[in-house]
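Everything below belongs to input_35.cif, which stores mmCIF, C-alpha atoms; chains and numbers go by the auth columns.
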data_target
#
loop_
_atom_site.group_PDB
_atom_site.id
_atom_site.type_symbol
_atom_site.label_atom_id
_atom_site.label_comp_id
_atom_site.label_asym_id
_atom_site.label_seq_id
_atom_site.Cartn_x
_atom_site.Cartn_y
_atom_site.Cartn_z
_atom_site.B_iso_or_equiv
_atom_site.auth_seq_id
_atom_site.auth_asym_id
ATOM 1 C CA MET A 1 -243.848 62.626 121.859 0.00 1 F
ATOM 2 C CA LYS A 2 -245.287 61.294 125.116 0.00 2 F
ATOM 3 C CA VAL A 3 -246.861 58.278 123.366 0.00 3 F
ATOM 4 C CA ASP A 4 -243.576 57.574 121.548 0.00 4 F
ATOM 5 C CA LEU A 5 -241.724 57.601 124.859 0.00 5 F
ATOM 6 C CA ILE A 6 -244.218 55.187 126.422 0.00 6 F
ATOM 7 C CA LYS A 7 -243.922 52.871 123.404 0.00 7 F
ATOM 8 C CA ARG A 8 -240.136 53.051 123.604 0.00 8 F
ATOM 9 C CA LEU A 9 -240.158 52.230 127.333 0.00 9 F
ATOM 10 C CA ALA A 10 -242.573 49.341 126.807 0.00 10 F
ATOM 11 C CA MET A 11 -240.549 47.900 123.930 0.00 11 F
ATOM 12 C CA GLY A 12 -237.313 48.249 125.896 0.00 12 F
ATOM 13 C CA ALA A 13 -238.817 46.455 128.889 0.00 13 F
ATOM 14 C CA PHE A 14 -240.233 43.710 126.668 0.00 14 F
ATOM 15 C CA VAL A 15 -237.019 43.097 124.747 0.00 15 F
ATOM 16 C CA GLY A 16 -234.921 43.229 127.920 0.00 16 F
ATOM 17 C CA CYS A 17 -237.165 40.689 129.656 0.00 17 F
ATOM 18 C CA PHE A 18 -237.212 38.449 126.581 0.00 18 F
ATOM 19 C CA ILE A 19 -233.423 38.375 126.286 0.00 19 F
ATOM 20 C CA VAL A 20 -232.829 37.725 129.995 0.00 20 F
ATOM 21 C CA LEU A 21 -235.476 34.981 130.081 0.00 21 F
ATOM 22 C CA PHE A 22 -233.961 33.451 126.946 0.00 22 F
ATOM 23 C CA ILE A 23 -230.515 33.440 128.554 0.00 23 F
ATOM 24 C CA MET A 24 -231.926 31.915 131.760 0.00 24 F
ATOM 25 C CA ALA A 25 -233.561 29.181 129.650 0.00 25 F
ATOM 26 C CA LEU A 26 -230.247 28.514 127.891 0.00 26 F
ATOM 27 C CA ILE A 27 -228.477 28.271 131.252 0.00 27 F
ATOM 28 C CA SER A 28 -231.126 25.801 132.430 0.00 28 F
ATOM 29 C CA LEU A 29 -230.790 23.705 129.291 0.00 29 F
ATOM 30 C CA GLN A 30 -227.009 23.686 129.533 0.00 30 F
ATOM 31 C CA GLY A 31 -226.966 22.556 133.157 0.00 31 F
ATOM 32 C CA GLY A 32 -229.933 20.250 132.784 0.00 32 F
ATOM 33 C CA PRO A 33 -233.286 21.724 133.797 0.00 33 F
ATOM 34 C CA GLN A 34 -233.595 19.248 136.653 0.00 34 F
ATOM 35 C CA ASN A 35 -230.273 20.476 138.100 0.00 35 F
ATOM 36 C CA VAL A 36 -230.946 24.229 137.903 0.00 36 F
ATOM 37 C CA SER A 37 -233.298 26.231 140.058 0.00 37 F
ATOM 38 C CA PHE A 38 -233.817 29.949 140.324 0.00 38 F
ATOM 39 C CA SER A 39 -234.996 31.486 143.582 0.00 39 F
ATOM 40 C CA GLY A 40 -237.812 34.006 143.732 0.00 40 F
ATOM 41 C CA THR A 41 -235.255 36.712 144.468 0.00 41 F
ATOM 42 C CA THR A 42 -233.251 35.742 141.397 0.00 42 F
ATOM 43 C CA ILE A 43 -236.335 35.880 139.194 0.00 43 F
ATOM 44 C CA ILE A 44 -237.463 39.252 140.571 0.00 44 F
ATOM 45 C CA ASN A 45 -233.941 40.675 140.183 0.00 45 F
ATOM 46 C CA ALA A 46 -233.750 39.316 136.635 0.00 46 F
ATOM 47 C CA PHE A 47 -237.129 40.871 135.822 0.00 47 F
ATOM 48 C CA LEU A 48 -236.321 44.314 137.232 0.00 48 F
ATOM 49 C CA GLY A 49 -232.731 44.307 136.014 0.00 49 F
ATOM 50 C CA SER A 50 -233.775 43.357 132.496 0.00 50 F
ATOM 51 C CA ILE A 51 -236.278 46.213 132.428 0.00 51 F
ATOM 52 C CA VAL A 52 -233.590 48.717 133.466 0.00 52 F
ATOM 53 C CA VAL A 53 -231.186 47.378 130.834 0.00 53 F
ATOM 54 C CA GLY A 54 -233.931 47.390 128.188 0.00 54 F
ATOM 55 C CA TRP A 55 -234.731 50.999 129.027 0.00 55 F
ATOM 56 C CA GLY A 56 -231.030 51.867 128.798 0.00 56 F
ATOM 57 C CA PHE A 57 -230.834 50.549 125.260 0.00 57 F
ATOM 58 C CA SER A 58 -234.240 51.830 124.123 0.00 58 F
ATOM 59 C CA LEU A 59 -234.032 55.365 125.508 0.00 59 F
ATOM 60 C CA THR A 60 -230.583 55.891 124.049 0.00 60 F
ATOM 61 C CA GLY A 61 -232.170 54.988 120.700 0.00 61 F
ATOM 62 C CA LEU A 62 -233.595 58.516 120.691 0.00 62 F
ATOM 63 C CA ILE A 63 -230.191 59.541 119.324 0.00 63 F
ATOM 64 C CA TYR A 64 -231.302 58.275 115.898 0.00 64 F
ATOM 65 C CA GLU A 65 -233.773 61.149 115.674 0.00 65 F
ATOM 66 C CA ARG A 66 -230.852 63.582 115.447 0.00 66 F
ATOM 67 C CA ASP A 67 -229.874 64.188 111.838 0.00 67 F
ATOM 68 C CA ASP A 68 -226.834 66.276 112.742 0.00 68 F
ATOM 69 C CA ILE A 69 -224.925 63.306 114.200 0.00 69 F
ATOM 70 C CA ALA A 70 -223.249 60.751 111.944 0.00 70 F
ATOM 71 C CA PHE A 71 -224.842 57.293 111.959 0.00 71 F
ATOM 72 C CA PRO A 72 -221.719 55.466 113.239 0.00 72 F
ATOM 73 C CA LEU A 73 -221.539 57.898 116.177 0.00 73 F
ATOM 74 C CA GLN A 74 -225.220 57.326 116.900 0.00 74 F
ATOM 75 C CA VAL A 75 -224.642 53.560 116.998 0.00 75 F
ATOM 76 C CA ALA A 76 -221.560 53.977 119.200 0.00 76 F
ATOM 77 C CA PHE A 77 -223.501 56.240 121.576 0.00 77 F
ATOM 78 C CA GLN A 78 -226.455 53.881 121.918 0.00 78 F
ATOM 79 C CA MET A 79 -224.361 50.743 122.285 0.00 79 F
ATOM 80 C CA GLY A 80 -221.849 52.403 124.585 0.00 80 F
ATOM 81 C CA ILE A 81 -224.413 53.786 127.026 0.00 81 F
ATOM 82 C CA GLY A 82 -226.519 50.625 126.812 0.00 82 F
ATOM 83 C CA MET A 83 -223.527 48.388 127.540 0.00 83 F
ATOM 84 C CA VAL A 84 -222.400 50.561 130.468 0.00 84 F
ATOM 85 C CA ILE A 85 -225.885 50.272 131.981 0.00 85 F
ATOM 86 C CA LEU A 86 -225.850 46.517 131.324 0.00 86 F
ATOM 87 C CA PHE A 87 -222.487 46.109 133.029 0.00 87 F
ATOM 88 C CA ILE A 88 -223.514 48.180 136.047 0.00 88 F
ATOM 89 C CA VAL A 89 -226.715 46.143 136.477 0.00 89 F
ATOM 90 C CA ALA A 90 -224.816 42.896 135.821 0.00 90 F
ATOM 91 C CA ILE A 91 -222.243 43.637 138.495 0.00 91 F
ATOM 92 C CA TYR A 92 -224.870 44.851 140.978 0.00 92 F
ATOM 93 C CA LEU A 93 -227.131 41.820 140.479 0.00 93 F
ATOM 94 C CA GLN A 94 -224.146 39.470 140.202 0.00 94 F
ATOM 95 C CA TRP A 95 -225.015 38.338 136.687 0.00 95 F
ATOM 96 C CA MET A 96 -221.361 38.822 135.773 0.00 96 F
ATOM 97 C CA PRO A 97 -219.183 36.458 137.846 0.00 97 F
ATOM 98 C CA ILE A 98 -216.416 38.945 138.616 0.00 98 F
ATOM 99 C CA ASN A 99 -214.939 36.716 141.308 0.00 99 F
ATOM 100 C CA LEU A 100 -214.152 33.853 138.871 0.00 100 F
ATOM 101 C CA GLY A 101 -211.339 35.558 137.023 0.00 101 F
ATOM 102 C CA ILE A 102 -210.763 37.655 133.938 0.00 102 F
ATOM 103 C CA GLY A 103 -211.434 34.838 131.449 0.00 103 F
ATOM 104 C CA ILE A 104 -215.055 34.452 132.525 0.00 104 F
ATOM 105 C CA ILE A 105 -215.530 38.233 132.532 0.00 105 F
ATOM 106 C CA ILE A 106 -214.197 38.526 128.969 0.00 106 F
ATOM 107 C CA GLU A 107 -216.429 35.641 127.871 0.00 107 F
ATOM 108 C CA TRP A 108 -219.429 37.328 129.507 0.00 108 F
ATOM 109 C CA ILE A 109 -218.658 40.630 127.794 0.00 109 F
ATOM 110 C CA ILE A 110 -218.296 38.939 124.391 0.00 110 F
ATOM 111 C CA ILE A 111 -221.620 37.122 124.806 0.00 111 F
ATOM 112 C CA ALA A 112 -223.316 40.356 125.920 0.00 112 F
ATOM 113 C CA CYS A 113 -221.904 42.188 122.886 0.00 113 F
ATOM 114 C CA ILE A 114 -223.123 39.421 120.567 0.00 114 F
ATOM 115 C CA PHE A 115 -226.651 39.576 122.006 0.00 115 F
ATOM 116 C CA ALA A 116 -226.636 43.394 121.765 0.00 116 F
ATOM 117 C CA ALA A 117 -225.414 43.291 118.167 0.00 117 F
ATOM 118 C CA ILE A 118 -228.016 40.698 117.149 0.00 118 F
ATOM 119 C CA SER A 119 -230.784 42.739 118.772 0.00 119 F
ATOM 120 C CA TRP A 120 -229.555 45.956 117.169 0.00 120 F
ATOM 121 C CA CYS A 121 -229.356 44.318 113.732 0.00 121 F
ATOM 122 C CA GLY A 122 -232.859 42.916 114.144 0.00 122 F
ATOM 123 C CA PHE A 123 -234.306 46.338 114.917 0.00 123 F
ATOM 124 C CA TYR A 124 -232.256 47.953 112.142 0.00 124 F
ATOM 125 C CA ILE A 125 -233.556 45.480 109.571 0.00 125 F
ATOM 126 C CA TYR A 126 -237.134 45.892 110.821 0.00 126 F
ATOM 127 C CA TYR A 127 -237.072 49.699 110.613 0.00 127 F
ATOM 128 C CA TYR A 128 -235.254 49.576 107.277 0.00 128 F
ATOM 129 C CA LEU A 129 -238.006 47.390 105.825 0.00 129 F
ATOM 130 C CA VAL A 130 -240.737 49.629 107.289 0.00 130 F
ATOM 131 C CA ALA A 131 -239.106 52.693 105.739 0.00 131 F
ATOM 132 C CA ARG A 132 -238.703 50.921 102.395 0.00 132 F
ATOM 133 C CA ASP A 133 -242.372 49.916 102.374 0.00 133 F
ATOM 134 C CA LEU A 134 -243.451 53.464 103.221 0.00 134 F
ATOM 135 C CA ASN A 135 -241.259 54.857 100.442 0.00 135 F
ATOM 136 C CA ASN A 136 -242.699 52.343 97.984 0.00 136 F
ATOM 137 C CA LYS A 137 -246.256 53.348 98.943 0.00 137 F
ATOM 138 C CA LEU A 138 -245.382 57.030 98.516 0.00 138 F
ATOM 139 C CA ASN A 139 -243.841 56.364 95.094 0.00 139 F
ATOM 140 C CA ILE A 140 -246.934 54.449 93.977 0.00 140 F
ATOM 141 C CA LYS A 141 -249.177 57.405 94.914 0.00 141 F
ATOM 142 C CA LYS A 142 -247.042 59.828 92.877 0.00 142 F
#
Would you mind writing the structure in this file as structure tokens?
Amino acid sequence: MKVDLIKRLAMGAFVGCFIVLFIMALISLQGGPQNVSFSGTTIINAFLGSIVVGWGFSLTGLIYERDDIAFPLQVAFQMGIGMVILFIVAIYLQWMPINLGIGIIIEWIIIACIFAAISWCGFYIYYYLVARDLNNKLNIKK
């Protein structure tokens, strides 16, 4: 259990950092890399904030180990808690421009939901394929 938790924390930190760095690269490309600069504080905040958000999504993934909870509720739990943590970190670190009006906030939330859904689907497909391969290997041995 302890090793699984460490793996989960490491994967959450990695995925969180990857997504935030990817978004920062997209922002740079959109504004022209020569016109965009990130301060050391911004980079450190992005690094630490992305780890916290990654942990929020990965630790809530423990809900999938519970067989007594319906799958749609498990997904809603993980995404709900993960998104709340994301929004808290985003407001605290000023990733979400709350002072620019409701339109920008809605756009930010939609983009965040799209990234979360893509990540979730990627992990779902990966674990589905792993389980299928394991089942095929077990069937071959029988």
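Between atom CA of F:Ala116 and atom CA of F:Gly16 lies a distance of 10.3 Å.
Here atom CA of F:Asn35 stands at a distance of 25.2 Å from atom CA of F:Phe115.
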For a test of reading the model, state the distance in Å between atom CA of F:Leu86 and atom CA of F:Glu107, rounded to one decimal.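 Atom-to-atom, atom CA of F:Leu86 to atom CA of F:Glu107, that is 14.8 Å.
The residue that comes closest to F:Ile91, out of F:Ile114, F:Met79, F:Ile105, F:Val15 and on the basis of all atoms listed in the file, is F:Ile105.
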To verify the selection step, state as a PyMOL selection string which residues the PyMOL selection byres ((chain F and resi 52-56) around 10) yields on this input. chain F and resi 8-20+46-51+57-61+78-79+81-90
Given the choices F:Ala131, F:Asp4, F:Arg66, F:Met96, which gets closest to F:Ala112 if the distance is worked out from only C-alpha atoms?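 Among F:Ala131, F:Asp4, F:Arg66, F:Met96, it is F:Met96 that comes nearest to F:Ala112.
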Selected by the PyMOL selection byres ((chain F and resi 75) around 10) in the shown coordinates: which residues, as a PyMOL selection string? chain F and resi 60-61+63-64+70-74+76-80+120
